[in-house]
Every structure is written in structure tokens, then in C-alpha cells.
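A.B. asks: So that you have it, the file is final.pdb, and it contains PDB, N, CA and C atoms and all ligand atoms:
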ATOM      1  N   MET A  30     183.086   2.580 152.538
ATOM      2  CA  MET A  30     183.058   4.045 152.400
ATOM      3  C   MET A  30     183.615   4.695 153.646
ATOM      4  N   ALA A  31     184.430   5.694 153.473
ATOM      5  CA  ALA A  31     184.955   6.421 154.630
ATOM      6  C   ALA A  31     183.896   7.390 155.124
ATOM      7  N   ILE A  32     183.869   7.526 156.427
ATOM      8  CA  ILE A  32     182.883   8.430 157.032
ATOM      9  C   ILE A  32     183.000   9.832 156.436
ATOM     10  N   ARG A  33     184.228  10.218 156.115
ATOM     11  CA  ARG A  33     184.435  11.566 155.570
ATOM     12  C   ARG A  33     183.772  11.765 154.215
ATOM     13  N   ASP A  34     183.402  10.675 153.550
ATOM     14  CA  ASP A  34     182.775  10.796 152.234
ATOM     15  C   ASP A  34     181.264  10.967 152.314
ATOM     16  N   CYS A  35     180.744  11.079 153.495
ATOM     17  CA  CYS A  35     179.299  11.293 153.636
ATOM     18  C   CYS A  35     178.879  12.512 152.837
ATOM     19  N   GLN A  36     177.769  12.375 152.112
ATOM     20  CA  GLN A  36     177.312  13.495 151.305
ATOM     21  C   GLN A  36     175.952  13.953 151.770
ATOM     22  N   VAL A  37     175.964  14.489 152.969
ATOM     23  CA  VAL A  37     174.722  14.990 153.542
ATOM     24  C   VAL A  37     174.750  16.508 153.452
ATOM     25  N   VAL A  38     173.701  17.077 152.918
ATOM     26  CA  VAL A  38     173.660  18.530 152.752
ATOM     27  C   VAL A  38     172.381  19.069 153.386
ATOM     28  N   ASN A  39     172.421  20.326 153.736
ATOM     29  CA  ASN A  39     171.243  20.996 154.268
ATOM     30  C   ASN A  39     170.429  21.531 153.084
ATOM     31  N   ALA A  40     169.252  20.972 152.895
ATOM     32  CA  ALA A  40     168.429  21.379 151.746
ATOM     33  C   ALA A  40     168.111  22.867 151.801
ATOM     34  N   ASN A  41     168.069  23.425 152.992
ATOM     35  CA  ASN A  41     167.751  24.844 153.083
ATOM     36  C   ASN A  41     168.882  25.730 152.567
ATOM     37  N   TYR A  42     170.093  25.185 152.504
ATOM     38  CA  TYR A  42     171.218  25.955 151.989
ATOM     39  C   TYR A  42     170.962  26.352 150.534
ATOM     40  N   GLU A  43     170.574  25.384 149.720
ATOM     41  CA  GLU A  43     170.280  25.674 148.311
ATOM     42  C   GLU A  43     169.123  26.651 148.187
ATOM     43  N   ARG A  44     168.143  26.485 149.061
ATOM     44  CA  ARG A  44     166.971  27.369 149.004
ATOM     45  C   ARG A  44     167.353  28.805 149.345
ATOM     46  N   VAL A  45     168.181  28.943 150.377
ATOM     47  CA  VAL A  45     168.606  30.293 150.774
ATOM     48  C   VAL A  45     169.363  30.958 149.623
ATOM     49  N   LEU A  46     170.261  30.214 148.975
ATOM     50  CA  LEU A  46     171.018  30.789 147.863
ATOM     51  C   LEU A  46     170.080  31.213 146.731
ATOM     52  N   ALA A  47     169.088  30.386 146.448
ATOM     53  CA  ALA A  47     168.157  30.702 145.357
ATOM     54  C   ALA A  47     167.359  31.965 145.680
ATOM     55  N   VAL A  48     166.894  32.067 146.923
ATOM     56  CA  VAL A  48     166.091  33.240 147.305
ATOM     57  C   VAL A  48     166.967  34.489 147.333
ATOM     58  N   MET A  49     168.190  34.361 147.830
ATOM     59  CA  MET A  49     169.109  35.511 147.854
ATOM     60  C   MET A  49     169.341  36.032 146.450
ATOM     61  N   ASP A  50     169.559  35.092 145.540
ATOM     62  CA  ASP A  50     169.816  35.450 144.158
ATOM     63  C   ASP A  50     168.663  36.283 143.609
ATOM     64  N   LYS A  51     167.472  35.839 143.901
ATOM     65  CA  LYS A  51     166.276  36.530 143.426
ATOM     66  C   LYS A  51     166.138  37.907 144.093
ATOM     67  N   PHE A  52     166.264  37.936 145.427
ATOM     68  CA  PHE A  52     166.076  39.185 146.168
ATOM     69  C   PHE A  52     167.115  40.233 145.783
ATOM     70  N   LEU A  53     168.382  39.798 145.681
ATOM     71  CA  LEU A  53     169.446  40.770 145.420
ATOM     72  C   LEU A  53     169.332  41.318 144.001
ATOM     73  N   GLY A  54     168.722  40.553 143.112
ATOM     74  CA  GLY A  54     168.545  41.037 141.747
ATOM     75  C   GLY A  54     167.324  41.930 141.601
ATOM     76  N   GLU A  55     166.347  41.755 142.486
ATOM     77  CA  GLU A  55     165.094  42.486 142.328
ATOM     78  C   GLU A  55     164.934  43.633 143.308
ATOM     79  N   ARG A  56     164.767  43.280 144.590
ATOM     80  CA  ARG A  56     164.323  44.342 145.487
ATOM     81  C   ARG A  56     165.390  44.891 146.415
ATOM     82  N   TYR A  57     166.550  44.246 146.491
ATOM     83  CA  TYR A  57     167.590  44.748 147.405
ATOM     84  C   TYR A  57     168.838  45.120 146.615
ATOM     85  N   ARG A  58     168.772  46.194 145.904
ATOM     86  CA  ARG A  58     169.896  46.525 145.034
ATOM     87  C   ARG A  58     171.010  47.286 145.747
ATOM     88  N   ASN A  59     170.746  47.773 146.968
ATOM     89  CA  ASN A  59     171.761  48.575 147.648
ATOM     90  C   ASN A  59     172.562  47.770 148.674
ATOM     91  N   VAL A  60     172.486  46.441 148.606
ATOM     92  CA  VAL A  60     173.207  45.623 149.572
ATOM     93  C   VAL A  60     174.667  45.511 149.152
ATOM     94  N   CYS A  61     175.572  45.650 150.126
ATOM     95  CA  CYS A  61     176.995  45.441 149.861
ATOM     96  C   CYS A  61     177.183  44.009 149.365
ATOM     97  N   SER A  62     177.888  43.860 148.234
ATOM     98  CA  SER A  62     178.002  42.517 147.659
ATOM     99  C   SER A  62     179.380  41.913 147.876
ATOM    100  N   CYS A  63     180.107  42.378 148.905
ATOM    101  CA  CYS A  63     181.413  41.773 149.177
ATOM    102  C   CYS A  63     181.207  40.363 149.741
ATOM    103  N   PRO A  64     182.221  39.504 149.628
ATOM    104  CA  PRO A  64     182.059  38.113 150.089
ATOM    105  C   PRO A  64     181.663  38.037 151.562
ATOM    106  N   ARG A  65     182.189  38.945 152.372
ATOM    107  CA  ARG A  65     181.866  38.898 153.791
ATOM    108  C   ARG A  65     180.370  39.100 154.024
ATOM    109  N   CYS A  66     179.792  40.096 153.397
ATOM    110  CA  CYS A  66     178.367  40.369 153.599
ATOM    111  C   CYS A  66     177.513  39.249 153.006
ATOM    112  N   MET A  67     177.904  38.739 151.837
ATOM    113  CA  MET A  67     177.141  37.644 151.234
ATOM    114  C   MET A  67     177.125  36.433 152.164
ATOM    115  N   ASN A  68     178.302  36.093 152.702
ATOM    116  CA  ASN A  68     178.375  34.937 153.596
ATOM    117  C   ASN A  68     177.605  35.178 154.881
ATOM    118  N   ASP A  69     177.658  36.408 155.384
ATOM    119  CA  ASP A  69     176.908  36.725 156.595
ATOM    120  C   ASP A  69     175.419  36.527 156.377
ATOM    121  N   ILE A  70     174.927  36.975 155.225
ATOM    122  CA  ILE A  70     173.492  36.847 154.946
ATOM    123  C   ILE A  70     173.101  35.370 154.904
ATOM    124  N   VAL A  71     173.909  34.552 154.231
ATOM    125  CA  VAL A  71     173.601  33.117 154.156
ATOM    126  C   VAL A  71     173.597  32.499 155.551
ATOM    127  N   ALA A  72     174.623  32.829 156.350
ATOM    128  CA  ALA A  72     174.735  32.233 157.686
ATOM    129  C   ALA A  72     173.562  32.649 158.566
ATOM    130  N   ILE A  73     173.217  33.920 158.539
ATOM    131  CA  ILE A  73     172.128  34.402 159.393
ATOM    132  C   ILE A  73     170.802  33.778 158.954
ATOM    133  N   ALA A  74     170.572  33.751 157.652
ATOM    134  CA  ALA A  74     169.317  33.177 157.151
ATOM    135  C   ALA A  74     169.214  31.701 157.542
ATOM    136  N   LEU A  75     170.313  30.968 157.419
ATOM    137  CA  LEU A  75     170.283  29.542 157.767
ATOM    138  C   LEU A  75     170.042  29.342 159.260
ATOM    139  N   ASN A  76     170.526  30.261 160.074
ATOM    140  CA  ASN A  76     170.293  30.133 161.510
ATOM    141  C   ASN A  76     168.838  30.404 161.884
ATOM    142  N   TYR A  77     168.143  31.184 161.063
ATOM    143  CA  TYR A  77     166.724  31.420 161.324
ATOM    144  C   TYR A  77     165.883  30.188 160.992
ATOM    145  N   LEU A  78     166.391  29.361 160.075
ATOM    146  CA  LEU A  78     165.607  28.231 159.574
ATOM    147  C   LEU A  78     165.992  26.951 160.297
ATOM    148  N   PRO A  79     165.057  26.022 160.433
ATOM    149  CA  PRO A  79     165.444  24.722 160.981
ATOM    150  C   PRO A  79     166.314  24.003 159.958
ATOM    151  N   PRO A  80     167.312  23.245 160.398
ATOM    152  CA  PRO A  80     168.115  22.489 159.424
ATOM    153  C   PRO A  80     167.257  21.413 158.777
ATOM    154  N   HIS A  81     167.554  21.115 157.551
ATOM    155  CA  HIS A  81     166.790  20.071 156.859
ATOM    156  C   HIS A  81     167.776  19.258 156.027
ATOM    157  N   TYR A  82     168.438  18.327 156.712
ATOM    158  CA  TYR A  82     169.493  17.575 156.052
ATOM    159  C   TYR A  82     168.932  16.465 155.183
ATOM    160  N   ILE A  83     169.516  16.339 154.008
ATOM    161  CA  ILE A  83     169.148  15.266 153.092
ATOM    162  C   ILE A  83     170.430  14.654 152.542
ATOM    163  N   VAL A  84     170.310  13.472 151.979
ATOM    164  CA  VAL A  84     171.454  12.861 151.318
ATOM    165  C   VAL A  84     171.557  13.483 149.937
ATOM    166  N   GLU A  85     172.756  13.975 149.637
ATOM    167  CA  GLU A  85     172.947  14.680 148.381
ATOM    168  C   GLU A  85     172.572  13.769 147.208
ATOM    169  N   GLY A  86     171.933  14.339 146.223
ATOM    170  CA  GLY A  86     171.502  13.552 145.083
ATOM    171  C   GLY A  86     170.011  13.302 145.125
ATOM    172  N   GLY A  87     169.400  13.606 146.241
ATOM    173  CA  GLY A  87     167.953  13.450 146.339
ATOM    174  C   GLY A  87     167.228  14.601 145.682
ATOM    175  N   ILE A  88     167.633  14.922 144.462
ATOM    176  CA  ILE A  88     167.056  16.060 143.757
ATOM    177  C   ILE A  88     165.760  15.629 143.070
ATOM    178  N   GLY A  89     164.894  16.575 142.838
ATOM    179  CA  GLY A  89     163.676  16.249 142.106
ATOM    180  C   GLY A  89     162.467  16.297 143.014
ATOM    181  N   LYS A  90     162.693  16.126 144.320
ATOM    182  CA  LYS A  90     161.582  16.258 145.253
ATOM    183  C   LYS A  90     161.702  17.604 145.952
ATOM    184  N   GLU A  91     160.638  17.973 146.631
ATOM    185  CA  GLU A  91     160.648  19.239 147.346
ATOM    186  C   GLU A  91     161.204  19.024 148.750
ATOM    187  N   TYR A  92     162.439  19.437 148.945
ATOM    188  CA  TYR A  92     163.046  19.319 150.258
ATOM    189  C   TYR A  92     163.268  20.704 150.842
ATOM    190  N   GLY A  93     163.347  20.748 152.143
ATOM    191  CA  GLY A  93     163.661  22.012 152.801
ATOM    192  C   GLY A  93     162.422  22.686 153.339
ATOM    193  N   SER A  94     162.628  23.854 153.956
ATOM    194  CA  SER A  94     161.513  24.596 154.529
ATOM    195  C   SER A  94     160.669  25.205 153.420
ATOM    196  N   PRO A  95     159.399  25.502 153.701
ATOM    197  CA  PRO A  95     158.552  26.157 152.699
ATOM    198  C   PRO A  95     159.197  27.444 152.207
ATOM    199  N   TRP A  96     158.988  27.746 150.930
ATOM    200  CA  TRP A  96     159.654  28.910 150.334
ATOM    201  C   TRP A  96     159.332  30.193 151.085
ATOM    202  N   VAL A  97     158.106  30.305 151.574
ATOM    203  CA  VAL A  97     157.740  31.551 152.246
ATOM    204  C   VAL A  97     158.582  31.743 153.506
ATOM    205  N   MET A  98     158.924  30.638 154.183
ATOM    206  CA  MET A  98     159.786  30.736 155.363
ATOM    207  C   MET A  98     161.203  31.126 154.980
ATOM    208  N   VAL A  99     161.668  30.525 153.884
ATOM    209  CA  VAL A  99     163.019  30.843 153.427
ATOM    210  C   VAL A  99     163.090  32.322 153.035
ATOM    211  N   GLU A 100     162.056  32.793 152.361
ATOM    212  CA  GLU A 100     162.061  34.191 151.920
ATOM    213  C   GLU A 100     162.061  35.145 153.105
ATOM    214  N   SER A 101     161.301  34.841 154.145
ATOM    215  CA  SER A 101     161.302  35.778 155.263
ATOM    216  C   SER A 101     162.629  35.701 156.020
ATOM    217  N   ALA A 102     163.237  34.516 156.109
ATOM    218  CA  ALA A 102     164.546  34.407 156.766
ATOM    219  C   ALA A 102     165.596  35.216 156.003
ATOM    220  N   VAL A 103     165.565  35.126 154.680
ATOM    221  CA  VAL A 103     166.554  35.847 153.875
ATOM    222  C   VAL A 103     166.342  37.351 153.983
ATOM    223  N   SER A 104     165.103  37.799 153.968
ATOM    224  CA  SER A 104     164.916  39.248 154.026
ATOM    225  C   SER A 104     165.287  39.792 155.406
ATOM    226  N   GLU A 105     165.032  39.013 156.465
ATOM    227  CA  GLU A 105     165.494  39.431 157.796
ATOM    228  C   GLU A 105     167.020  39.513 157.829
ATOM    229  N   ALA A 106     167.664  38.512 157.239
ATOM    230  CA  ALA A 106     169.126  38.464 157.249
ATOM    231  C   ALA A 106     169.713  39.640 156.475
ATOM    232  N   ILE A 107     169.116  39.953 155.335
ATOM    233  CA  ILE A 107     169.620  41.076 154.540
ATOM    234  C   ILE A 107     169.462  42.370 155.328
ATOM    235  N   ASP A 108     168.299  42.558 155.941
ATOM    236  CA  ASP A 108     168.085  43.767 156.736
ATOM    237  C   ASP A 108     169.140  43.896 157.831
ATOM    238  N   ARG A 109     169.453  42.779 158.463
ATOM    239  CA  ARG A 109     170.402  42.831 159.571
ATOM    240  C   ARG A 109     171.803  43.175 159.083
ATOM    241  N   VAL A 110     172.217  42.588 157.979
ATOM    242  CA  VAL A 110     173.563  42.857 157.474
ATOM    243  C   VAL A 110     173.668  44.282 156.942
ATOM    244  N   VAL A 111     172.592  44.778 156.333
ATOM    245  CA  VAL A 111     172.613  46.150 155.837
ATOM    246  C   VAL A 111     172.742  47.120 157.024
ATOM    247  N   GLU A 112     172.056  46.811 158.102
ATOM    248  CA  GLU A 112     172.083  47.702 159.256
ATOM    249  C   GLU A 112     173.368  47.560 160.061
ATOM    250  N   TYR A 113     173.833  46.332 160.235
ATOM    251  CA  TYR A 113     175.048  46.085 161.031
ATOM    252  C   TYR A 113     176.046  45.266 160.229
ATOM    253  N   PRO A 114     176.661  45.859 159.198
ATOM    254  CA  PRO A 114     177.657  45.079 158.438
ATOM    255  C   PRO A 114     178.862  44.759 159.316
ATOM    256  N   ASN A 115     179.555  43.677 158.992
ATOM    257  CA  ASN A 115     180.701  43.260 159.781
ATOM    258  C   ASN A 115     181.968  44.014 159.413
ATOM    259  N   HIS A 116     181.811  45.084 158.692
ATOM    260  CA  HIS A 116     182.931  45.963 158.400
ATOM    261  C   HIS A 116     182.365  47.365 158.364
ATOM    262  N   SER A 117     183.195  48.367 158.445
ATOM    263  CA  SER A 117     182.668  49.718 158.407
ATOM    264  C   SER A 117     182.172  50.014 156.995
ATOM    265  N   ARG A 118     181.300  50.981 156.876
ATOM    266  CA  ARG A 118     180.778  51.326 155.562
ATOM    267  C   ARG A 118     181.890  51.793 154.618
ATOM    268  N   MET A 119     182.899  52.474 155.188
ATOM    269  CA  MET A 119     184.004  52.961 154.370
ATOM    270  C   MET A 119     184.749  51.808 153.712
ATOM    271  N   GLU A 120     184.993  50.745 154.475
ATOM    272  CA  GLU A 120     185.719  49.603 153.928
ATOM    273  C   GLU A 120     184.996  49.033 152.715
ATOM    274  N   ALA A 121     183.680  49.025 152.788
ATOM    275  CA  ALA A 121     182.911  48.443 151.696
ATOM    276  C   ALA A 121     182.991  49.330 150.460
ATOM    277  N   VAL A 122     183.128  50.625 150.676
ATOM    278  CA  VAL A 122     183.104  51.561 149.557
ATOM    279  C   VAL A 122     184.470  51.664 148.896
ATOM    280  N   ARG A 123     185.536  51.545 149.703
ATOM    281  CA  ARG A 123     186.868  51.865 149.211
ATOM    282  C   ARG A 123     187.321  51.087 147.974
ATOM    283  N   PRO A 124     187.138  49.746 147.906
ATOM    284  CA  PRO A 124     187.690  49.022 146.755
ATOM    285  C   PRO A 124     187.200  49.558 145.417
ATOM    286  N   SER A 125     185.908  49.848 145.285
ATOM    287  CA  SER A 125     185.404  50.300 143.997
ATOM    288  C   SER A 125     185.872  51.731 143.711
ATOM    289  N   ALA A 126     186.036  52.538 144.776
ATOM    290  CA  ALA A 126     186.510  53.905 144.578
ATOM    291  C   ALA A 126     187.948  53.883 144.075
ATOM    292  N   ASP A 127     188.769  53.007 144.655
ATOM    293  CA  ASP A 127     190.157  52.893 144.221
ATOM    294  C   ASP A 127     190.241  52.439 142.770
ATOM    295  N   ALA A 128     189.395  51.491 142.425
ATOM    296  CA  ALA A 128     189.446  50.927 141.096
ATOM    297  C   ALA A 128     189.114  51.984 140.043
ATOM    298  N   ARG A 129     188.280  52.925 140.424
ATOM    299  CA  ARG A 129     187.865  53.926 139.458
ATOM    300  C   ARG A 129     188.909  55.039 139.321
ATOM    301  N   GLY A 130     189.894  55.063 140.205
ATOM    302  CA  GLY A 130     190.919  56.095 140.119
ATOM    303  C   GLY A 130     190.571  57.290 140.987
ATOM    304  N   SER A 131     190.872  58.486 140.482
ATOM    305  CA  SER A 131     190.781  59.657 141.342
ATOM    306  C   SER A 131     189.444  60.377 141.203
ATOM    307  N   ASP A 132     188.475  59.734 140.599
ATOM    308  CA  ASP A 132     187.161  60.352 140.476
ATOM    309  C   ASP A 132     186.584  60.720 141.844
ATOM    310  N   PRO A 133     186.409  61.998 142.098
ATOM    311  CA  PRO A 133     185.792  62.320 143.383
ATOM    312  C   PRO A 133     184.309  61.995 143.371
ATOM    313  N   VAL A 134     183.816  61.590 144.523
ATOM    314  CA  VAL A 134     182.391  61.300 144.615
ATOM    315  C   VAL A 134     181.629  62.611 144.643
ATOM    316  N   PRO A 135     180.682  62.807 143.737
ATOM    317  CA  PRO A 135     179.924  64.066 143.778
ATOM    318  C   PRO A 135     179.116  64.180 145.053
ATOM    319  N   SER A 136     179.086  65.379 145.611
ATOM    320  CA  SER A 136     178.357  65.522 146.862
ATOM    321  C   SER A 136     177.132  66.392 146.655
TER     322      SER A 136
HETATM  323 ZN    ZN B 201     180.344  44.074 152.645
END
What does this structure look like when you write it as C-alpha cells?
Ligand SMILES: [Zn+2]

C.D. replies:
Amino acid sequence: MAIRDCQVVNANYERVLAVMDKFLGERYRNVCSCPRCMNDIVAIALNYLPPHYIVEGGIGKEYGSPWVMVESAVSEAIDRVVEYPNHSRMEAVRPSADARGSDPVPS
């Protein structure tokens, strides 16, 4: 086997994605959903958590940090990205405004 074929994954990565999916659908509906912000949230949340590497395929057991830890890491990460997005707020708004045409935003 070539070293490059190693299939080691961070179990917390899957957990973060699962919690994000839940949070963004339920309680955080105003989060910018552009790829940049989504990736930032995942990266920040993973940095809050200890890595928990497993060999891929070890599914069926409970791997990774406790869910409550993952949930607090994700909510901290979302708060941070909402407050300090890596792009200006205008950039995040513009694509959908353009797509809708000349509809002015009601003030
Ligand atoms: Zn964004």
C-alpha cells in the first residue's frame, strides 16, 4: 500500500458537519451560507475541538468528542463567523440581489 492511500479521518469532522446541518436548519437561519462562511465555520469549530483520528471505515461505534462539546464548538464558530465574516456584508448580499434582477430592497 502506498502511504498516500492512508485513510485516516478526523471523527470530529463528521460530527461538526452533522451538528452544523442541524443548527443551520433550526436555530441559526440568518447565517450567510456562501461556501467561504460554511468552510470557515467548519475550520473554526474543528480548531476548538481536539482531533480524534480514526481509520476510515470504523463506522458503527461512537467516535469523536462528546456531542455536547461538538455543539458548543459549532455554535461558537457560527457566532464568530456571523460577527466577523471573511468578506464584507455587501459581498454576501450581492449575488442573490443580482439574481433577482432590479428589485429594490424595501427599506
Ligand atoms: Zn459568506

A.B. asks: Using all atoms of region 110-119 of chain A listed in the file and a margin of 8 Å per side, can you give the axis-aligned box centre and edge lengths in Å to one decimal, as lines of an AutoDock Vina configuration file?

C.D. replies:
center_x = 178.4
center_y = 47.8
center_z = 157.4
size_x = 28.7
size_y = 26.4
size_z = 23.3

A.B. asks: Applied to the shown file, which residues does the PyMOL selection byres (((chain A and resi 66-72 and name CA) around 8) and not hetatm and name CA) return, written as a list of chain:residue names?

C.D. replies: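 After applying the PyMOL selection byres (((chain A and resi 66-72 and name CA) around 8) and not hetatm and name CA), what remains is A:Tyr42, A:Val45, A:Leu46, A:Cys61, A:Ser62, A:Cys63, A:Pro64, A:Arg65, A:Ile73, A:Ala74, A:Leu75, A:Asn76, A:Val103, A:Ala106, A:Ile107, A:Val110, A:Pro114, A:Asn115.
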
A.B. asks: Taking only N, CA and C atoms and all ligand atoms into account, name the residue in A:Val37, A:Ile32, A:Leu53, A:Val60 that is nearest to ligand ZN 201 (chain B).

C.D. replies: A:Val60

A.B. asks: Could you write out as a PDB file with N, CA and C atoms, in the coordinates of the input the residues that the PyMOL selection byres (((chain A and resi 82) around 6.5) and not hetatm) matches in the shown file?

C.D. replies:
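So the final result, stored in selection-v7.pdb, reads:
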ATOM      1  N   VAL A  37     175.964  14.489 152.969  1.00  0.00           N
ATOM      2  CA  VAL A  37     174.722  14.990 153.542  1.00  0.00           C
ATOM      3  C   VAL A  37     174.750  16.508 153.452  1.00  0.00           C
ATOM      4  N   VAL A  38     173.701  17.077 152.918  1.00  0.00           N
ATOM      5  CA  VAL A  38     173.660  18.530 152.752  1.00  0.00           C
ATOM      6  C   VAL A  38     172.381  19.069 153.386  1.00  0.00           C
ATOM      7  N   ASN A  39     172.421  20.326 153.736  1.00  0.00           N
ATOM      8  CA  ASN A  39     171.243  20.996 154.268  1.00  0.00           C
ATOM      9  C   ASN A  39     170.429  21.531 153.084  1.00  0.00           C
ATOM     10  N   ALA A  40     169.252  20.972 152.895  1.00  0.00           N
ATOM     11  CA  ALA A  40     168.429  21.379 151.746  1.00  0.00           C
ATOM     12  C   ALA A  40     168.111  22.867 151.801  1.00  0.00           C
ATOM     13  N   ASN A  41     168.069  23.425 152.992  1.00  0.00           N
ATOM     14  CA  ASN A  41     167.751  24.844 153.083  1.00  0.00           C
ATOM     15  C   ASN A  41     168.882  25.730 152.567  1.00  0.00           C
ATOM     16  N   PRO A  80     167.312  23.245 160.398  1.00  0.00           N
ATOM     17  CA  PRO A  80     168.115  22.489 159.424  1.00  0.00           C
ATOM     18  C   PRO A  80     167.257  21.413 158.777  1.00  0.00           C
ATOM     19  N   HIS A  81     167.554  21.115 157.551  1.00  0.00           N
ATOM     20  CA  HIS A  81     166.790  20.071 156.859  1.00  0.00           C
ATOM     21  C   HIS A  81     167.776  19.258 156.027  1.00  0.00           C
ATOM     22  N   ILE A  83     169.516  16.339 154.008  1.00  0.00           N
ATOM     23  CA  ILE A  83     169.148  15.266 153.092  1.00  0.00           C
ATOM     24  C   ILE A  83     170.430  14.654 152.542  1.00  0.00           C
ATOM     25  N   VAL A  84     170.310  13.472 151.979  1.00  0.00           N
ATOM     26  CA  VAL A  84     171.454  12.861 151.318  1.00  0.00           C
ATOM     27  C   VAL A  84     171.557  13.483 149.937  1.00  0.00           C
TER      28      VAL A  84
END

A.B. asks: For the atom pair CA of Val111 (chain A) and atom C of Ser94 (chain A), what is the interatomic distance in Å to one decimal place?

C.D. replies: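 Distance between the two atoms: 24.2 Å.
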
A.B. asks: I need the residues in region 35-119 of chain A that are alpha helix (DSSP H) according to DSSP; give them as a PyMOL selection string.

C.D. replies: chain A and resi 40-55+64-77+96-112+118-119

A.B. asks: How far is it from CA of Glu105 (chain A) to CA of Ser117 (chain A), in Å with one decimal?

C.D. replies: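 Taking CA of Glu105 (chain A) and CA of Ser117 (chain A), their separation equals 20.0 Å.
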
A.B. asks: Restricting the calculation to all atoms listed in the file, which member of A:Glu85, A:Arg109, A:Val97, A:His116 is positioned closest to ligand ZN 201 (chain B)?

C.D. replies: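 Among A:Glu85, A:Arg109, A:Val97, A:His116, it is A:His116 that comes nearest to ligand ZN 201 (chain B).
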
A.B. asks: Assuming the input is short of atoms at region 66-72 of chain A, produce all heavy atoms for that part as a PDB file, in the frame of the given file.

C.D. replies:
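Resulting contents of rebuild34.pdb:
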ATOM      1  N   CYS A  66     179.792  40.096 153.397  1.00  0.00           N
ATOM      2  CA  CYS A  66     178.367  40.369 153.599  1.00  0.00           C
ATOM      3  C   CYS A  66     177.513  39.249 153.006  1.00  0.00           C
ATOM      4  O   CYS A  66     176.520  38.835 153.606  1.00  0.00           O
ATOM      5  CB  CYS A  66     177.994  41.713 152.992  1.00  0.00           C
ATOM      6  SG  CYS A  66     178.683  43.108 153.915  1.00  0.00           S
ATOM      7  N   MET A  67     177.904  38.739 151.837  1.00  0.00           N
ATOM      8  CA  MET A  67     177.141  37.644 151.234  1.00  0.00           C
ATOM      9  C   MET A  67     177.125  36.433 152.164  1.00  0.00           C
ATOM     10  O   MET A  67     176.090  35.821 152.409  1.00  0.00           O
ATOM     11  CB  MET A  67     177.767  37.242 149.888  1.00  0.00           C
ATOM     12  CG  MET A  67     177.641  38.291 148.792  1.00  0.00           C
ATOM     13  SD  MET A  67     175.937  38.597 148.284  1.00  0.00           S
ATOM     14  CE  MET A  67     175.625  40.129 149.116  1.00  0.00           C
ATOM     15  N   ASN A  68     178.302  36.093 152.702  1.00  0.00           N
ATOM     16  CA  ASN A  68     178.375  34.937 153.596  1.00  0.00           C
ATOM     17  C   ASN A  68     177.605  35.178 154.881  1.00  0.00           C
ATOM     18  O   ASN A  68     176.979  34.262 155.419  1.00  0.00           O
ATOM     19  CB  ASN A  68     179.836  34.604 153.914  1.00  0.00           C
ATOM     20  CG  ASN A  68     180.512  33.904 152.753  1.00  0.00           C
ATOM     21  OD1 ASN A  68     180.008  32.932 152.226  1.00  0.00           O
ATOM     22  ND2 ASN A  68     181.664  34.408 152.348  1.00  0.00           N
ATOM     23  N   ASP A  69     177.658  36.408 155.384  1.00  0.00           N
ATOM     24  CA  ASP A  69     176.908  36.725 156.595  1.00  0.00           C
ATOM     25  C   ASP A  69     175.419  36.527 156.377  1.00  0.00           C
ATOM     26  O   ASP A  69     174.722  35.990 157.234  1.00  0.00           O
ATOM     27  CB  ASP A  69     177.170  38.178 157.024  1.00  0.00           C
ATOM     28  CG  ASP A  69     178.492  38.322 157.772  1.00  0.00           C
ATOM     29  OD1 ASP A  69     179.006  37.301 158.271  1.00  0.00           O
ATOM     30  OD2 ASP A  69     178.990  39.453 157.852  1.00  0.00           O
ATOM     31  N   ILE A  70     174.927  36.975 155.225  1.00  0.00           N
ATOM     32  CA  ILE A  70     173.492  36.847 154.946  1.00  0.00           C
ATOM     33  C   ILE A  70     173.101  35.370 154.904  1.00  0.00           C
ATOM     34  O   ILE A  70     172.105  34.963 155.502  1.00  0.00           O
ATOM     35  CB  ILE A  70     173.127  37.551 153.617  1.00  0.00           C
ATOM     36  CG1 ILE A  70     173.319  39.067 153.757  1.00  0.00           C
ATOM     37  CG2 ILE A  70     171.690  37.237 153.219  1.00  0.00           C
ATOM     38  CD1 ILE A  70     173.253  39.829 152.439  1.00  0.00           C
ATOM     39  N   VAL A  71     173.909  34.552 154.231  1.00  0.00           N
ATOM     40  CA  VAL A  71     173.601  33.117 154.156  1.00  0.00           C
ATOM     41  C   VAL A  71     173.597  32.499 155.551  1.00  0.00           C
ATOM     42  O   VAL A  71     172.674  31.769 155.929  1.00  0.00           O
ATOM     43  CB  VAL A  71     174.622  32.378 153.255  1.00  0.00           C
ATOM     44  CG1 VAL A  71     174.371  30.879 153.274  1.00  0.00           C
ATOM     45  CG2 VAL A  71     174.548  32.894 151.826  1.00  0.00           C
ATOM     46  N   ALA A  72     174.623  32.829 156.350  1.00  0.00           N
ATOM     47  CA  ALA A  72     174.735  32.233 157.686  1.00  0.00           C
ATOM     48  C   ALA A  72     173.562  32.649 158.566  1.00  0.00           C
ATOM     49  O   ALA A  72     172.966  31.812 159.258  1.00  0.00           O
ATOM     50  CB  ALA A  72     176.062  32.638 158.329  1.00  0.00           C
TER      51      ALA A  72
END
